[in-house]
>>> print(open('structure04.txt').read())   # compact mmCIF, C-alpha atoms
# COMPACT_ATOMS: atom_id res chain seq x y z
CA MET A 1 12.83 -7.19 37.72
CA THR A 2 15.96 -8.46 36.06
CA VAL A 3 18.81 -6.19 35.06
CA GLY A 4 18.11 -6.91 31.38
CA LEU A 5 14.46 -5.97 31.71
CA ALA A 6 15.34 -2.82 33.69
CA LEU A 7 17.82 -1.76 30.99
CA GLY A 8 15.25 -2.47 28.30
CA VAL A 9 12.67 -0.26 30.05
CA LEU A 10 15.30 2.47 30.50
CA PHE A 11 16.28 2.36 26.82
CA ALA A 12 12.62 2.42 25.73
CA PHE A 13 12.00 5.45 27.97
CA ALA A 14 15.11 7.18 26.60
CA ALA A 15 13.94 6.51 23.03
CA LEU A 16 10.52 8.03 23.80
CA VAL A 17 12.18 11.14 25.26
CA VAL A 18 14.38 11.53 22.17
CA LEU A 19 11.43 11.04 19.82
CA ALA A 20 9.21 13.44 21.74
CA LYS A 21 11.88 16.13 21.89
CA PRO A 22 11.34 18.82 19.22
CA ASP A 23 13.71 18.81 16.29
CA HIS A 24 15.60 22.07 16.76
CA ALA A 25 17.05 21.94 13.27
CA ALA A 26 13.55 21.84 11.77
CA GLN A 27 12.27 24.50 14.18
CA SER A 28 15.21 26.88 14.12
CA PRO A 29 14.26 30.18 15.72
CA GLY A 30 12.80 32.54 13.17
CA ALA A 31 13.03 30.14 10.20
CA ASP A 32 9.44 30.89 9.21
CA ARG A 33 8.71 33.76 11.60
CA PHE A 34 9.66 37.40 11.34
CA GLU A 35 12.74 38.43 13.28
CA GLY A 36 11.34 41.95 13.72
CA ALA A 37 8.09 42.87 15.42
CA SER A 38 4.94 42.06 13.46
CA LEU A 39 2.83 45.17 12.98
CA PRO A 40 -0.97 45.31 13.29
CA GLN A 41 -2.71 43.66 10.32
CA GLY A 42 -3.88 45.81 7.46
CA LEU A 43 -1.74 48.85 8.28
CA ARG A 44 -1.31 50.32 4.81
CA ALA A 45 1.88 52.19 3.97
CA PRO A 46 0.94 55.79 3.20
CA ASP A 47 1.01 56.73 -0.42
CA PHE A 48 2.91 59.94 -0.98
CA SER A 49 4.53 61.84 -3.79
CA LEU A 50 7.81 63.38 -2.69
CA THR A 51 11.13 64.26 -4.31
CA ASP A 52 14.26 62.12 -4.14
CA GLN A 53 17.88 63.25 -3.91
CA ASP A 54 18.11 63.53 -7.70
CA GLY A 55 14.96 65.62 -8.11
CA ASN A 56 12.83 62.69 -9.29
CA ARG A 57 9.39 61.90 -7.97
CA VAL A 58 9.21 59.02 -5.47
CA THR A 59 5.95 57.36 -4.42
CA MET A 60 5.08 54.24 -2.45
CA ARG A 61 2.63 53.20 -5.16
CA GLU A 62 5.46 52.88 -7.70
CA LEU A 63 7.34 50.54 -5.34
CA ARG A 64 4.58 47.95 -5.04
CA GLY A 65 5.42 44.43 -6.11
CA LYS A 66 8.55 44.12 -3.95
CA PRO A 67 9.22 44.47 -0.25
CA VAL A 68 10.44 47.96 0.71
CA ILE A 69 12.73 49.01 3.56
CA VAL A 70 11.56 52.31 5.05
CA SER A 71 13.86 54.20 7.40
CA PHE A 72 13.71 57.67 8.91
CA LEU A 73 16.95 59.60 8.56
CA TYR A 74 18.42 63.05 8.36
CA SER A 75 21.42 63.81 6.22
CA THR A 76 23.48 65.72 8.81
CA CYS A 77 23.12 62.99 11.46
CA GLN A 78 26.37 61.72 12.94
CA ASP A 79 25.21 58.80 15.09
CA THR A 80 22.13 56.63 14.43
CA CYS A 81 21.53 57.49 10.75
CA PRO A 82 24.91 56.30 9.44
CA VAL A 83 24.38 53.08 11.44
CA GLN A 84 20.95 52.63 9.83
CA ALA A 85 22.38 53.19 6.36
CA GLN A 86 25.03 50.53 7.04
CA GLN A 87 22.37 48.10 8.28
CA ILE A 88 20.43 48.60 5.04
CA LYS A 89 23.57 48.15 2.95
CA GLY A 90 24.47 45.02 4.91
CA ALA A 91 20.99 43.51 4.43
CA LEU A 92 21.08 44.15 0.68
CA ASN A 93 24.59 42.68 0.50
CA GLU A 94 23.38 39.64 2.46
CA LEU A 95 20.51 39.12 0.00
CA GLY A 96 22.59 39.74 -3.09
CA VAL A 97 19.71 41.76 -4.56
CA ASP A 98 18.68 45.35 -4.06
CA TYR A 99 15.16 45.76 -2.76
CA PRO A 100 13.85 49.33 -2.66
CA ALA A 101 15.13 51.19 0.40
CA LEU A 102 13.71 54.58 1.38
CA ALA A 103 15.08 57.17 3.75
CA VAL A 104 12.19 59.42 4.75
CA SER A 105 13.62 62.78 5.79
CA VAL A 106 12.98 63.72 9.42
CA ASP A 107 14.75 67.11 9.15
CA PRO A 108 13.12 68.88 6.20
CA GLN A 109 14.75 72.23 6.98
CA ARG A 110 18.28 70.87 6.55
CA ASP A 111 17.77 67.84 4.30
CA THR A 112 18.39 68.98 0.75
CA ARG A 113 18.95 67.04 -2.42
CA ARG A 114 22.65 67.87 -2.16
CA SER A 115 23.00 66.87 1.52
CA ALA A 116 21.15 63.60 0.85
CA ARG A 117 23.48 62.78 -2.05
CA GLU A 118 26.49 63.59 0.14
CA PHE A 119 25.15 61.33 2.91
CA ASN A 120 24.65 58.48 0.43
CA SER A 121 28.13 58.96 -1.00
CA LYS A 122 29.76 59.03 2.44
CA GLN A 123 27.87 55.90 3.52
CA ARG A 124 28.47 54.19 0.14
CA VAL A 125 24.78 53.61 -0.50
CA THR A 126 24.47 55.69 -3.68
CA GLY A 127 22.01 53.94 -5.97
CA ARG A 128 20.75 51.78 -3.09
CA LEU A 129 19.07 54.29 -0.76
CA THR A 130 16.43 56.68 -2.08
CA TRP A 131 15.52 59.74 -0.05
CA ALA A 132 11.96 61.03 0.30
CA LEU A 133 12.37 64.79 0.69
CA GLY A 134 9.82 67.53 1.16
CA THR A 135 8.57 70.23 3.45
CA ARG A 136 7.50 69.55 7.03
CA ARG A 137 3.90 69.84 5.83
CA ASP A 138 4.58 67.18 3.17
CA LEU A 139 6.39 64.84 5.56
CA GLU A 140 4.29 65.03 8.74
CA PRO A 141 1.49 62.79 7.38
CA VAL A 142 4.11 60.22 6.39
CA TRP A 143 5.71 60.35 9.85
CA ARG A 144 2.30 59.91 11.51
CA ALA A 145 1.40 56.95 9.30
CA TYR A 146 4.61 55.19 10.34
CA ALA A 147 4.48 56.34 13.99
CA ALA A 148 7.73 58.21 13.42
CA THR A 149 8.79 61.63 14.67
CA GLY A 150 10.69 64.48 13.12
CA GLN A 151 14.11 65.58 14.29
CA ARG A 152 14.14 68.36 16.87
CA ASP A 153 17.01 70.35 18.32
CA ASP A 154 16.10 69.18 21.83
CA GLU A 155 15.16 65.59 20.98
CA GLU A 156 16.45 62.89 18.66
CA HIS A 157 13.94 61.37 16.22
CA ASN A 158 12.89 57.77 16.80
CA ALA A 159 15.29 55.61 14.82
CA ARG A 160 13.51 52.63 13.35
CA PHE A 161 12.90 50.55 10.25
CA VAL A 162 9.61 49.41 8.78
CA LEU A 163 9.37 46.67 6.18
CA VAL A 164 6.48 47.07 3.76
CA ASP A 165 5.23 44.00 1.88
CA PRO A 166 4.76 43.86 -1.92
CA LYS A 167 1.08 44.80 -1.53
CA GLY A 168 1.92 48.03 0.30
CA ILE A 169 1.13 46.88 3.86
CA GLN A 170 3.40 47.72 6.80
CA ARG A 171 4.35 44.31 8.15
CA VAL A 172 7.50 44.39 10.29
CA GLY A 173 9.12 46.99 12.53
CA PHE A 174 12.61 47.16 13.98
CA PRO A 175 13.89 49.66 16.54
CA VAL A 176 17.44 50.55 15.50
CA ASP A 177 18.96 48.83 18.55
CA LYS A 178 17.37 45.49 17.55
CA VAL A 179 18.21 45.47 13.85
CA THR A 180 20.96 43.53 12.14
CA PRO A 181 21.54 43.07 8.42
CA GLU A 182 20.83 39.36 8.83
CA ARG A 183 17.50 39.94 10.56
CA VAL A 184 16.36 42.46 7.94
CA ALA A 185 17.48 40.16 5.11
CA HIS A 186 15.63 37.23 6.69
CA ASP A 187 12.38 39.18 6.96
CA LEU A 188 12.71 40.60 3.42
CA LYS A 189 13.04 37.02 2.12
CA LEU A 190 9.85 36.02 3.96
CA LEU A 191 7.97 39.03 2.58
CA SER A 192 9.29 38.35 -0.92
CA SER A 193 8.04 34.76 -0.71
CA GLY A 194 4.51 35.97 0.04
CA ARG A 195 4.56 35.43 3.80
>>> encode(input="structure04.txt", output="structure tokens")
Amino acid sequence: MTVGLALGVLFAFAALVVLAKPDHAAQSPGADRFEGASLPQGLRAPDFSLTDQDGNRVTMRELRGKPVIVSFLYSTCQDTCPVQAQQIKGALNELGVDYPALAVSVDPQRDTRRSAREFNSKQRVTGRLTWALGTRRDLEPVWRAYAATGQRDDEEHNARFVLVDPKGIQRVGFPVDKVTPERVAHDLKLLSSGR
């Protein structure tokens, strides 16, 4: 085999390797996949009628037609809840549009309309984060439907986000330690586009 022929075979092999290699730009991680964990198919978001921080009625049914961010917070929290509020604010800032964002109370004994408004003001999410307040009896079915827990004196509630699609189906979950504003914004865009 001559040197020219050997080089030709080597170049042809190299060209095949380059052509067979996946295009990473076209297949960027998560470009068309959810960044959060996909939830079981058909898991409907529970419909409820609760009170928000301003005394208005809030229901899941009224939020259909857009993706919804659902979080589980308590207004006197000093650690995970402020972080979650900032993640929501960051995602909405990233998108440049405010999708509905709910904070389902996990401490009904201490979460009041006033304390929820104070939390929103302190976290600078007034007008962007709506609280779902009620009694423990009102909230427990909502917690169960989202596999969430209430706050207890001896145990912290499970901090997580759920993204609900425009049809009212729970689609994506994020534990608080895996969420970033960019990841939430990415998944909201996919849900908004009908994915």
>>> atom_distance(input="structure04.txt", atom1="atom CA of A:Gln86", atom2="atom CA of A:Asp165")
21.5 Å
>>> closest_residue(input="structure04.txt", among="A:Thr51, A:Asp177, A:Arg114, A:Val164", to="A:Lys66", atoms="all atoms listed in the file")
A:Val164
>>> closest_residue(input="structure04.txt", among="A:Leu63, A:Val83, A:Leu43, A:Ala132", to="A:Asp111", atoms="only C-alpha atoms")
A:Ala132
>>> atom_distance(input="structure04.txt", atom1="atom CA of A:Tyr74", atom2="atom CA of A:Asp107")
5.5 Å
>>> closest_residue(input="structure04.txt", among="A:Leu95, A:Leu188, A:Ile69, A:Val104", to="A:Glu140", atoms="all atoms listed in the file")
A:Val104
